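Visitor: Provided herewith: final23.cif, mmCIF, C-alpha atoms.
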data_start
#
loop_
_atom_site.label_atom_id
_atom_site.label_comp_id
_atom_site.auth_asym_id
_atom_site.auth_seq_id
_atom_site.Cartn_x
_atom_site.Cartn_y
_atom_site.Cartn_z
CA MET T 1 -201.79 179.90 -5.15
CA ARG T 2 -204.87 180.31 -7.30
CA ARG T 3 -202.79 179.58 -10.39
CA ALA T 4 -201.24 176.51 -8.71
CA ARG T 5 -204.72 175.29 -7.77
CA TYR T 6 -205.99 175.57 -11.33
CA ALA T 7 -202.82 173.91 -12.64
CA VAL T 8 -203.12 170.85 -10.41
CA ALA T 9 -206.85 170.68 -11.23
CA ALA T 10 -205.92 170.51 -14.91
CA VAL T 11 -203.45 167.70 -14.15
CA PHE T 12 -206.24 165.77 -12.41
CA ALA T 13 -208.48 166.25 -15.46
CA VAL T 14 -205.73 165.02 -17.80
CA HIS T 15 -205.21 161.95 -15.60
CA GLY T 16 -208.94 161.19 -15.73
CA GLY T 17 -208.98 161.75 -19.49
CA VAL T 18 -206.55 158.87 -19.99
CA THR T 19 -208.74 156.51 -17.96
CA GLY T 20 -211.88 157.49 -19.86
CA SER T 21 -210.15 157.13 -23.22
CA PHE T 22 -208.94 153.62 -22.37
CA ALA T 23 -212.16 152.29 -20.83
CA THR T 24 -214.31 152.88 -23.90
CA ARG T 25 -211.98 150.90 -26.20
CA VAL T 26 -211.59 147.77 -24.08
CA PRO T 27 -213.86 145.73 -26.43
CA TRP T 28 -211.63 146.70 -29.40
CA ILE T 29 -208.51 145.80 -27.43
CA GLN T 30 -210.05 142.44 -26.49
CA ASP T 31 -210.78 141.62 -30.13
CA HIS T 32 -207.35 142.81 -31.31
CA ALA T 33 -205.53 140.70 -28.72
CA SER T 34 -207.88 137.72 -29.36
CA VAL T 35 -208.53 137.06 -25.67
CA SER T 36 -211.57 135.51 -24.05
CA ALA T 37 -213.68 137.19 -21.39
CA GLY T 38 -211.87 135.25 -18.67
CA GLN T 39 -208.45 136.16 -20.08
CA LEU T 40 -209.50 139.80 -20.33
CA GLY T 41 -210.52 139.72 -16.68
CA LEU T 42 -207.06 138.41 -15.80
CA ALA T 43 -205.36 141.09 -17.88
CA LEU T 44 -207.45 143.86 -16.30
CA ALA T 45 -206.04 142.92 -12.88
CA PHE T 46 -202.56 143.99 -14.00
CA PRO T 47 -203.12 147.77 -13.86
CA ALA T 48 -203.93 147.53 -10.14
CA ILE T 49 -200.94 145.23 -9.58
CA GLY T 50 -198.60 147.61 -11.39
CA ALA T 51 -199.98 150.62 -9.54
CA SER T 52 -199.68 148.98 -6.12
CA LEU T 53 -196.05 148.02 -6.73
CA ALA T 54 -194.96 151.33 -8.29
CA MET T 55 -196.74 153.91 -6.12
CA PRO T 56 -194.16 153.79 -3.29
CA LEU T 57 -191.56 154.98 -5.84
CA ALA T 58 -193.35 158.28 -6.41
CA SER T 59 -192.17 159.78 -3.12
CA ARG T 60 -188.53 159.02 -3.94
CA ILE T 61 -188.85 160.43 -7.47
CA THR T 62 -190.42 163.64 -6.16
CA HIS T 63 -187.67 164.01 -3.54
CA THR T 64 -184.93 163.49 -6.14
CA PHE T 65 -186.18 165.70 -8.95
CA GLY T 66 -188.53 168.16 -7.23
CA ALA T 67 -192.32 168.12 -7.46
CA ARG T 68 -192.70 170.06 -10.73
CA THR T 69 -190.14 168.07 -12.72
CA ALA T 70 -191.41 164.80 -11.26
CA MET T 71 -194.99 165.70 -12.12
CA ARG T 72 -193.99 166.56 -15.70
CA GLY T 73 -192.25 163.23 -16.14
CA LEU T 74 -194.85 161.06 -14.41
CA ILE T 75 -197.91 162.58 -16.09
CA SER T 76 -196.15 162.25 -19.48
CA LEU T 77 -195.34 158.59 -18.84
CA TRP T 78 -198.98 158.00 -17.89
CA THR T 79 -200.47 159.75 -20.92
CA LEU T 80 -198.05 158.04 -23.31
CA ALA T 81 -198.80 154.65 -21.71
CA LEU T 82 -202.35 155.02 -23.05
CA ALA T 83 -201.07 153.92 -26.47
CA LEU T 84 -199.62 150.60 -25.23
CA PRO T 85 -202.64 148.30 -24.59
CA SER T 86 -204.11 148.77 -28.07
CA LEU T 87 -200.78 147.67 -29.60
CA ALA T 88 -200.76 144.34 -27.75
CA PRO T 89 -201.29 141.36 -30.14
CA ASN T 90 -201.85 138.66 -27.49
CA LEU T 91 -202.59 138.01 -23.81
CA TYR T 92 -198.97 138.13 -22.62
CA THR T 93 -198.15 141.45 -24.22
CA LEU T 94 -201.51 142.84 -23.10
CA CYS T 95 -200.76 141.92 -19.47
CA LEU T 96 -197.33 143.58 -19.76
CA ALA T 97 -198.79 146.70 -21.37
CA LEU T 98 -201.48 146.97 -18.69
CA PHE T 99 -198.88 146.49 -15.94
CA VAL T 100 -196.91 149.48 -17.29
CA TYR T 101 -200.15 151.40 -17.78
CA GLY T 102 -201.10 150.84 -14.13
CA ALA T 103 -197.62 151.55 -12.76
CA THR T 104 -197.41 154.94 -14.48
CA ALA T 105 -200.99 155.72 -13.44
CA GLY T 106 -200.24 154.99 -9.79
CA MET T 107 -197.05 157.07 -9.61
CA ALA T 108 -198.70 160.05 -11.31
CA ASP T 109 -201.68 159.64 -8.97
CA VAL T 110 -199.51 159.88 -5.85
CA ALA T 111 -197.56 162.89 -7.17
CA MET T 112 -200.64 164.92 -8.13
CA ASN T 113 -202.44 164.13 -4.87
CA ALA T 114 -199.38 165.23 -2.88
CA LEU T 115 -199.39 168.52 -4.80
CA GLY T 116 -203.13 168.89 -4.22
CA VAL T 117 -202.72 168.38 -0.47
CA GLU T 118 -199.94 171.01 -0.37
CA VAL T 119 -202.09 173.57 -2.20
CA GLU T 120 -205.02 172.76 0.08
CA ASN T 121 -202.97 173.36 3.20
CA ARG T 122 -201.56 176.64 1.91
CA LEU T 123 -205.01 177.89 0.95
CA GLY T 124 -206.43 176.78 4.30
CA LYS T 125 -209.61 175.31 2.84
CA SER T 126 -210.75 172.03 1.31
CA ILE T 127 -210.07 171.61 -2.41
CA MET T 128 -209.35 167.87 -2.71
CA SER T 129 -212.95 166.90 -3.42
CA GLY T 130 -213.09 169.40 -6.28
CA LEU T 131 -209.78 168.12 -7.65
CA HIS T 132 -211.15 164.59 -7.75
CA GLY T 133 -214.27 166.02 -9.33
CA MET T 134 -212.05 167.37 -12.09
CA TRP T 135 -210.66 163.85 -12.49
CA SER T 136 -214.20 162.55 -12.92
CA ALA T 137 -214.95 165.32 -15.42
CA GLY T 138 -211.83 164.46 -17.39
CA ALA T 139 -212.82 160.78 -17.38
CA LEU T 140 -216.28 161.66 -18.69
CA VAL T 141 -214.80 163.79 -21.50
CA GLY T 142 -212.32 161.05 -22.39
CA SER T 143 -215.05 158.42 -22.42
CA ALA T 144 -217.27 160.63 -24.58
CA ALA T 145 -214.48 161.04 -27.13
CA GLY T 146 -213.81 157.30 -26.98
CA THR T 147 -217.50 156.53 -27.49
CA LEU T 148 -217.51 158.73 -30.58
CA ALA T 149 -214.36 157.05 -31.91
CA ALA T 150 -215.87 153.60 -31.33
CA HIS T 151 -219.13 154.67 -33.01
CA LEU T 152 -217.15 155.82 -36.06
CA GLY T 153 -215.33 152.48 -36.13
CA SER T 154 -211.87 154.04 -35.79
CA ASP T 155 -208.81 151.94 -35.05
CA ALA T 156 -208.03 152.20 -31.31
CA ARG T 157 -204.31 152.35 -32.09
CA LEU T 158 -204.83 155.58 -34.01
CA HIS T 159 -207.37 156.92 -31.50
CA HIS T 160 -205.10 156.27 -28.52
CA ALA T 161 -202.00 157.61 -30.27
CA LEU T 162 -203.79 160.90 -30.99
CA ALA T 163 -205.33 161.04 -27.51
CA ALA T 164 -201.94 160.34 -25.91
CA ALA T 165 -200.33 163.16 -27.88
CA VAL T 166 -203.04 165.68 -26.99
CA LEU T 167 -203.18 164.71 -23.32
CA THR T 168 -199.38 164.76 -23.01
CA ALA T 169 -199.27 168.31 -24.39
CA LEU T 170 -202.05 169.43 -22.05
CA GLY T 171 -200.35 167.81 -19.06
CA LEU T 172 -197.00 169.46 -19.80
CA ILE T 173 -198.66 172.86 -20.20
CA ALA T 174 -200.50 172.50 -16.88
CA CYS T 175 -197.31 171.41 -15.07
CA GLN T 176 -195.66 174.76 -15.81
CA TRP T 177 -197.68 176.30 -12.95
CA VAL T 178 -197.81 173.57 -10.31
CA LEU T 179 -195.85 174.19 -7.10
CA ASP T 180 -192.15 173.44 -7.42
CA LEU T 181 -191.67 171.71 -4.06
CA ARG T 182 -188.14 170.70 -3.12
CA PRO T 183 -186.71 168.97 -0.05
CA THR T 184 -184.85 170.87 2.64
CA GLU T 185 -181.08 170.37 2.87
CA ASP T 186 -181.28 168.26 6.02
CA GLU T 187 -184.22 166.12 4.88
CA GLU T 188 -183.51 162.42 4.49
CA PRO T 189 -184.67 160.90 1.18
CA PRO T 190 -187.59 158.50 1.54
CA PRO T 191 -186.90 154.80 0.95
CA ARG T 192 -187.48 153.42 -2.52
CA PHE T 193 -189.96 150.93 -1.11
CA ALA T 194 -191.55 151.12 2.32
CA LEU T 195 -194.57 149.73 4.09
CA PRO T 196 -197.35 152.29 4.64
CA PRO T 197 -197.00 154.18 7.95
CA ARG T 198 -199.46 153.26 10.70
CA SER T 199 -201.44 156.47 10.22
CA ALA T 200 -201.90 155.60 6.55
CA LEU T 201 -203.20 152.14 7.46
CA LEU T 202 -206.02 153.58 9.57
CA ILE T 203 -206.93 156.23 7.00
CA GLY T 204 -206.56 153.70 4.20
CA ALA T 205 -209.06 151.39 5.92
CA VAL T 206 -211.72 154.09 5.53
CA GLY T 207 -210.73 154.53 1.90
CA PHE T 208 -210.87 150.76 1.44
CA CYS T 209 -214.55 150.72 2.45
CA ALA T 210 -215.40 153.54 0.03
CA VAL T 211 -213.49 152.10 -2.93
CA PHE T 212 -214.94 148.63 -2.30
CA ALA T 213 -218.44 150.10 -2.55
CA GLU T 214 -217.43 152.10 -5.64
CA GLY T 215 -215.96 149.09 -7.41
CA ALA T 216 -218.98 146.95 -6.54
CA ALA T 217 -221.42 149.54 -7.86
CA LEU T 218 -219.48 150.32 -11.04
CA ASP T 219 -218.93 146.69 -12.05
CA TRP T 220 -222.10 145.05 -10.74
CA SER T 221 -224.93 147.61 -10.72
CA ALA T 222 -225.95 146.87 -14.31
CA VAL T 223 -225.72 143.10 -13.68
CA TYR T 224 -227.81 143.49 -10.52
CA LEU T 225 -230.62 145.27 -12.35
CA ARG T 226 -230.54 142.81 -15.25
CA ASP T 227 -230.32 139.56 -13.29
CA ARG T 228 -232.10 140.43 -10.07
CA LEU T 229 -234.82 142.80 -11.34
CA ASP T 230 -235.13 141.69 -15.00
CA SER T 231 -234.37 145.19 -16.31
CA SER T 232 -233.61 145.96 -19.94
CA ALA T 233 -229.99 146.38 -21.01
CA GLY T 234 -230.49 150.11 -21.50
CA LEU T 235 -232.01 150.66 -18.06
CA ALA T 236 -229.31 148.53 -16.45
CA ALA T 237 -226.58 150.59 -18.12
CA ALA T 238 -228.33 153.78 -17.01
CA SER T 239 -227.90 152.75 -13.39
CA THR T 240 -224.11 152.75 -13.80
CA THR T 241 -224.21 156.12 -15.57
CA GLY T 242 -226.36 157.57 -12.79
CA PHE T 243 -223.91 156.31 -10.19
CA MET T 244 -220.97 157.96 -11.99
CA LEU T 245 -222.83 161.24 -12.43
CA THR T 246 -223.80 161.50 -8.77
CA MET T 247 -220.20 160.85 -7.80
CA ALA T 248 -218.89 163.54 -10.17
CA ILE T 249 -221.45 166.12 -9.05
CA ALA T 250 -220.89 165.36 -5.36
CA ARG T 251 -217.12 165.69 -5.72
CA ILE T 252 -217.32 169.01 -7.50
CA ALA T 253 -219.70 170.38 -4.86
CA GLY T 254 -218.05 168.55 -1.97
CA ASP T 255 -215.49 171.19 -0.98
CA ALA T 256 -218.19 173.62 0.08
CA VAL T 257 -219.70 170.95 2.34
CA VAL T 258 -216.32 170.02 3.82
CA ASN T 259 -215.40 173.66 4.45
CA ARG T 260 -218.73 174.16 6.22
CA PHE T 261 -218.98 170.97 8.28
CA GLY T 262 -215.49 169.46 8.33
CA SER T 263 -214.21 166.19 6.92
CA VAL T 264 -215.30 163.90 9.77
CA ARG T 265 -218.94 164.98 9.81
CA THR T 266 -219.03 164.97 6.01
CA VAL T 267 -217.77 161.38 5.83
CA ARG T 268 -220.13 160.27 8.60
CA ALA T 269 -223.09 161.75 6.76
CA GLY T 270 -221.82 160.20 3.53
CA GLY T 271 -221.56 156.81 5.21
CA VAL T 272 -225.17 157.08 6.34
CA LEU T 273 -226.27 157.99 2.79
CA ALA T 274 -224.23 155.16 1.27
CA ALA T 275 -225.61 152.65 3.79
CA LEU T 276 -229.14 153.83 3.07
CA GLY T 277 -228.45 153.42 -0.64
CA GLY T 278 -227.09 149.91 -0.08
CA LEU T 279 -230.17 149.01 1.94
CA LEU T 280 -232.43 150.23 -0.88
CA VAL T 281 -230.47 148.06 -3.34
CA VAL T 282 -230.81 145.00 -1.09
CA VAL T 283 -234.59 145.33 -0.56
CA ALA T 284 -235.44 146.69 -4.03
CA ASN T 285 -238.26 145.01 -5.91
CA HIS T 286 -238.34 147.58 -8.71
CA PRO T 287 -235.52 148.97 -10.89
CA VAL T 288 -236.22 152.59 -9.87
CA VAL T 289 -235.67 151.72 -6.19
CA ALA T 290 -232.36 150.01 -6.96
CA MET T 291 -231.22 152.88 -9.21
CA THR T 292 -232.04 155.32 -6.41
CA GLY T 293 -229.99 153.17 -4.06
CA PHE T 294 -226.98 153.16 -6.38
CA ALA T 295 -227.26 156.93 -6.84
CA LEU T 296 -227.29 157.43 -3.05
CA MET T 297 -224.23 155.20 -2.75
CA GLY T 298 -222.41 157.36 -5.28
CA LEU T 299 -223.43 160.50 -3.43
CA GLY T 300 -222.32 159.08 -0.08
CA ILE T 301 -218.87 157.77 -1.01
CA ALA T 302 -217.89 160.47 -3.52
CA VAL T 303 -215.76 162.64 -1.23
CA VAL T 304 -214.30 159.89 0.98
CA VAL T 305 -211.19 159.06 -1.06
CA PRO T 306 -210.23 162.74 -1.64
CA LEU T 307 -210.56 163.36 2.10
CA CYS T 308 -208.48 160.26 2.86
CA PHE T 309 -205.67 161.61 0.68
CA ALA T 310 -205.96 165.01 2.35
CA ALA T 311 -205.81 163.46 5.83
CA ALA T 312 -202.83 161.28 4.84
CA GLY T 313 -200.97 164.35 3.61
CA ARG T 314 -201.34 165.95 7.04
CA SER T 315 -200.71 162.83 9.11
CA GLY T 316 -196.93 162.67 9.26
CA PRO T 317 -193.56 164.10 8.27
CA ASN T 318 -193.61 162.63 4.75
CA PRO T 319 -196.89 163.44 2.94
CA SER T 320 -195.97 161.62 -0.27
CA GLN T 321 -195.17 158.40 1.56
CA ALA T 322 -198.41 158.53 3.55
CA ILE T 323 -200.43 159.30 0.39
CA ALA T 324 -198.70 156.40 -1.40
CA GLY T 325 -199.70 154.12 1.47
CA VAL T 326 -203.34 155.18 1.33
CA ALA T 327 -203.35 154.94 -2.47
CA THR T 328 -201.92 151.41 -2.32
CA ILE T 329 -204.66 150.30 0.08
CA THR T 330 -207.44 151.88 -2.00
CA TYR T 331 -206.09 150.44 -5.26
CA THR T 332 -206.00 147.02 -3.58
CA SER T 333 -209.64 147.49 -2.61
CA GLY T 334 -210.50 148.32 -6.22
CA LEU T 335 -208.74 145.14 -7.29
CA VAL T 336 -210.44 142.94 -4.69
CA ALA T 337 -214.00 144.31 -4.81
CA PRO T 338 -215.27 143.07 -8.21
CA SER T 339 -214.01 139.52 -7.72
CA ALA T 340 -215.15 139.42 -4.07
CA ILE T 341 -218.66 140.50 -5.06
CA GLY T 342 -218.72 137.92 -7.84
CA GLY T 343 -217.42 135.11 -5.63
CA LEU T 344 -219.90 135.86 -2.85
CA ALA T 345 -222.73 136.12 -5.38
CA GLN T 346 -221.75 132.75 -6.84
CA ALA T 347 -221.79 131.17 -3.38
CA THR T 348 -224.96 132.94 -2.18
CA SER T 349 -226.60 135.75 -4.19
CA LEU T 350 -226.07 139.31 -5.36
CA VAL T 351 -228.38 140.46 -2.58
CA VAL T 352 -225.98 139.06 0.02
CA SER T 353 -223.04 140.63 -1.84
CA PHE T 354 -224.57 144.09 -1.62
CA GLY T 355 -225.46 143.37 1.99
CA LEU T 356 -221.68 143.25 2.55
CA VAL T 357 -221.31 146.55 0.69
CA THR T 358 -223.94 148.07 2.99
CA VAL T 359 -222.04 146.89 6.09
CA LEU T 360 -218.81 148.44 4.77
CA ALA T 361 -220.68 151.69 4.09
CA CYS T 362 -221.73 151.70 7.75
CA GLY T 363 -218.04 151.46 8.57
CA LEU T 364 -217.54 154.88 6.97
CA ALA T 365 -219.87 156.44 9.53
CA VAL T 366 -218.34 154.53 12.44
CA PHE T 367 -214.65 155.10 11.68
CA ALA T 368 -214.74 158.57 10.09
CA GLY T 369 -212.97 159.96 13.14
CA VAL T 370 -209.58 158.69 11.91
CA LEU T 371 -209.69 161.46 9.29
CA ARG T 372 -209.45 164.08 12.05
CA THR T 373 -205.97 165.61 12.09
CA GLY T 374 -204.83 168.18 14.59
CA ASP T 375 -207.34 170.24 16.53
CA ARG T 376 -209.77 170.51 13.64
CA ASP T 377 -210.97 168.04 11.00
CA ARG T 378 -210.52 170.52 8.21
CA PRO T 379 -207.37 172.01 6.63
CA LYS T 380 -205.43 174.41 8.81
CA VAL T 381 -204.91 177.93 7.57
CA SER T 382 -201.25 178.47 6.84
CA ARG T 383 -199.08 181.14 5.33
CA PRO T 384 -197.97 180.64 1.72
CA ASP T 385 -194.46 179.91 2.98
CA ALA T 386 -195.62 177.52 5.71
CA ALA T 387 -196.22 174.17 4.10
CA VAL T 388 -196.92 170.84 5.71
CA PRO T 389 -193.81 168.99 6.93
CA GLY T 390 -191.86 167.45 4.09
CA PRO T 391 -190.84 168.88 0.71
CA ARG T 392 -190.62 172.66 0.54
CA SER T 393 -190.77 174.96 -2.44
#
Show how you would write the structure in this file as structure tokens.

Guide:
Amino acid sequence: MRRARYAVAAVFAVHGGVTGSFATRVPWIQDHASVSAGQLGLALAFPAIGASLAMPLASRITHTFGARTAMRGLISLWTLALALPSLAPNLYTLCLALFVYGATAGMADVAMNALGVEVENRLGKSIMSGLHGMWSAGALVGSAAGTLAAHLGSDARLHHALAAAVLTALGLIACQWVLDLRPTEDEEPPPRFALPPRSALLIGAVGFCAVFAEGAALDWSAVYLRDRLDSSAGLAAASTTGFMLTMAIARIAGDAVVNRFGSVRTVRAGGVLAALGGLLVVVANHPVVAMTGFALMGLGIAVVVPLCFAAAGRSGPNPSQAIAGVATITYTSGLVAPSAIGGLAQATSLVVSFGLVTVLACGLAVFAGVLRTGDRDRPKVSRPDAAVPGPRS
């Protein structure tokens, strides 16, 4: 089980590495495709659309081929899809490339989270926060490599081709040791497409609040400091970096907190921290106050999504389907948040927009109880051969 835990952690890091590698070369891709800022914004909605439509397929693929084979195929499709956006010569091909990029990302996301939940339940302790911390670490490494490539003026087509090859090899190596879960003989295959189960809707609502706050902070924190507090470009960018760092650190350290206090109390405390951070952002009259607020928001929401996936995986007879439902809701939140913040800011102000974020953060504290599954709000100890209902190894 220790080997399986490290293997799925490596898969999470590879998945994050693709995201980091792509994000740093978006300006190059924009220039190569000759698209305006507005057209780029439209194109960048397609990854979330592709992911939301494709994620329900992951459960069926896993059932048909087994978890290990499915994970090999899906992580390879995702890493290889990294090379597509930089090849796009215009807006239409860029939208198509980003749709495929998002679809493969979403399916791989569901498969690796389902594996993570299974390992967590067999170990009998929280590991999902740490797994998502590995994703953040992989994203930081990928973005660092992408920053270096951009600084050297390298062609993103070459950069992404090399990165895709390396990440594909690493993903395939890691998948050798993930759990090989297979369905029981009498288990019905999940539908190709299905609406999220009711349990996933309630858990996904908590994840929606967290991802909305995350998307708002990532996309608008620098703008907030620049436009609202007249900060320099460097200081404004530092606020986004600080937010990402606090999230990564909190996720890596989060499992110890969850194992000690349980998921419900952890999310309630995180909601209080995130709401406090949002309040600091709203009332800030100095950049340091706002940066502190954004850092507290990152600290407060960091472990919420991993715990939502963990709760979904224990909420019903088909963990993959429940996880796909929660993932679809959270991806939708990530798609809606940036435009909702911008639209509200246009109609009122950025202060009012982050007032909404603060209210949603309060919702984490109020509705954290939906993450409680069974008699305890932490993973149940189980024998290595006693997995959660659903696919068996």

Visitor: Which one is closest to Ala340 of chain T: T:Thr240, T:Ser136, T:Ser353, T:Ser154? Count only C-alpha atoms.

Guide: T:Ser353

Visitor: Spell out the residues picked by the PyMOL selection byres ((chain T and resi 260-272) around 7) here, as a list in words.

Guide: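 This file, filtered by the PyMOL selection byres ((chain T and resi 260-272) around 7), leaves Ala256, Val257, Val258, Asn259, Leu273, Ala274, Ala275, Leu276, Gly300, Ile301, Val304, Leu307, Ala361, Cys362, Leu364, Ala365, Ala368, Gly369, Leu371, Arg372, Asp377 and Arg378 of chain T.
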
Visitor: Assuming the chain letters and numbering stay as they are in my file, what does the PyMOL selection byres ((chain T and resi 3) around 12) actually select? List them as a PDB file with C-alpha atoms, keeping the file's coordinate frame.

Guide:
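Final output, saved to expr_30.pdb:
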ATOM      1  CA  MET T   1    -201.790 179.900  -5.150  1.00  0.00           C
ATOM      2  CA  ARG T   2    -204.870 180.310  -7.300  1.00  0.00           C
ATOM      3  CA  ALA T   4    -201.240 176.510  -8.710  1.00  0.00           C
ATOM      4  CA  ARG T   5    -204.720 175.290  -7.770  1.00  0.00           C
ATOM      5  CA  TYR T   6    -205.990 175.570 -11.330  1.00  0.00           C
ATOM      6  CA  ALA T   7    -202.820 173.910 -12.640  1.00  0.00           C
ATOM      7  CA  VAL T   8    -203.120 170.850 -10.410  1.00  0.00           C
ATOM      8  CA  ALA T   9    -206.850 170.680 -11.230  1.00  0.00           C
ATOM      9  CA  ALA T  10    -205.920 170.510 -14.910  1.00  0.00           C
ATOM     10  CA  VAL T 119    -202.090 173.570  -2.200  1.00  0.00           C
ATOM     11  CA  LEU T 123    -205.010 177.890   0.950  1.00  0.00           C
ATOM     12  CA  ALA T 174    -200.500 172.500 -16.880  1.00  0.00           C
ATOM     13  CA  CYS T 175    -197.310 171.410 -15.070  1.00  0.00           C
ATOM     14  CA  GLN T 176    -195.660 174.760 -15.810  1.00  0.00           C
ATOM     15  CA  TRP T 177    -197.680 176.300 -12.950  1.00  0.00           C
ATOM     16  CA  VAL T 178    -197.810 173.570 -10.310  1.00  0.00           C
ATOM     17  CA  LEU T 179    -195.850 174.190  -7.100  1.00  0.00           C
TER      18      LEU T 179
END

Visitor: Running the PyMOL selection byres ((chain T and resi 56) around 8) on this model by hand, what would come out? Give it as a ChimeraX atom specification.

Guide: /T:52-55,57-60,107,192-194,321,324-325

Visitor: Could you produce a table of the residues of segment 113-192 of chain T lying within 9 Å of segment 248-254 of chain T, with the nearest pair of atoms per residue and their separation in Å rounded to one decimal, using all atoms listed in the file, ordered by chain and increasing residue number, as JSON lines?

Guide:
{"residue": "T:Ser126", "atom": "CA", "partner": "T:Gly254", "partner_atom": "CA", "distance": 8.7}
{"residue": "T:Ile127", "atom": "CA", "partner": "T:Gly254", "partner_atom": "CA", "distance": 8.6}
{"residue": "T:Met128", "atom": "CA", "partner": "T:Arg251", "partner_atom": "CA", "distance": 8.6}
{"residue": "T:Ser129", "atom": "CA", "partner": "T:Arg251", "partner_atom": "CA", "distance": 4.9}
{"residue": "T:Gly130", "atom": "CA", "partner": "T:Ile252", "partner_atom": "CA", "distance": 4.4}
{"residue": "T:Leu131", "atom": "CA", "partner": "T:Ile252", "partner_atom": "CA", "distance": 7.6}
{"residue": "T:His132", "atom": "CA", "partner": "T:Arg251", "partner_atom": "CA", "distance": 6.4}
{"residue": "T:Gly133", "atom": "CA", "partner": "T:Arg251", "partner_atom": "CA", "distance": 4.6}
{"residue": "T:Met134", "atom": "CA", "partner": "T:Ile252", "partner_atom": "CA", "distance": 7.2}
{"residue": "T:Trp135", "atom": "CA", "partner": "T:Ala248", "partner_atom": "CA", "distance": 8.6}
{"residue": "T:Ser136", "atom": "CA", "partner": "T:Ala248", "partner_atom": "CA", "distance": 5.5}
{"residue": "T:Ala137", "atom": "CA", "partner": "T:Ala248", "partner_atom": "CA", "distance": 6.8}

Visitor: Do a neighbour search on Val282 of chain T at 9 Å with all atoms listed in the file, toss out local chain neighbours closer than 6 positions, and write the hits as an NGL selection string.

Guide: :T and (290 or 293 or 350-355 or 358)

Visitor: Rank nothing, just name the residue among T:Thr348, T:Thr241, T:Ser231, T:Thr19 nearest to Gly106 of chain T, using all atoms listed in the file.

Guide: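 Closest to Gly106 of chain T of all the choices is T:Thr19.
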
Visitor: With a distance cut-off of 8 Å and all atoms listed in the file, select the neighbouring residues of segment 196-211 of chain T, excluding the residue or stretch itself and same-chain residues fewer than 4 positions from it, and output the selection as a ChimeraX atom specification.

Guide: /T:215,301,304-305,308,311-312,315-316,321-327,329-334,360-361,363-364,367-368,370-371

Visitor: Quote the spacing between atom CA of Pro183 of chain T and atom CA of His63 of chain T in Å to one decimal place.

Guide: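 Interatomic distance here is 6.1 Å.
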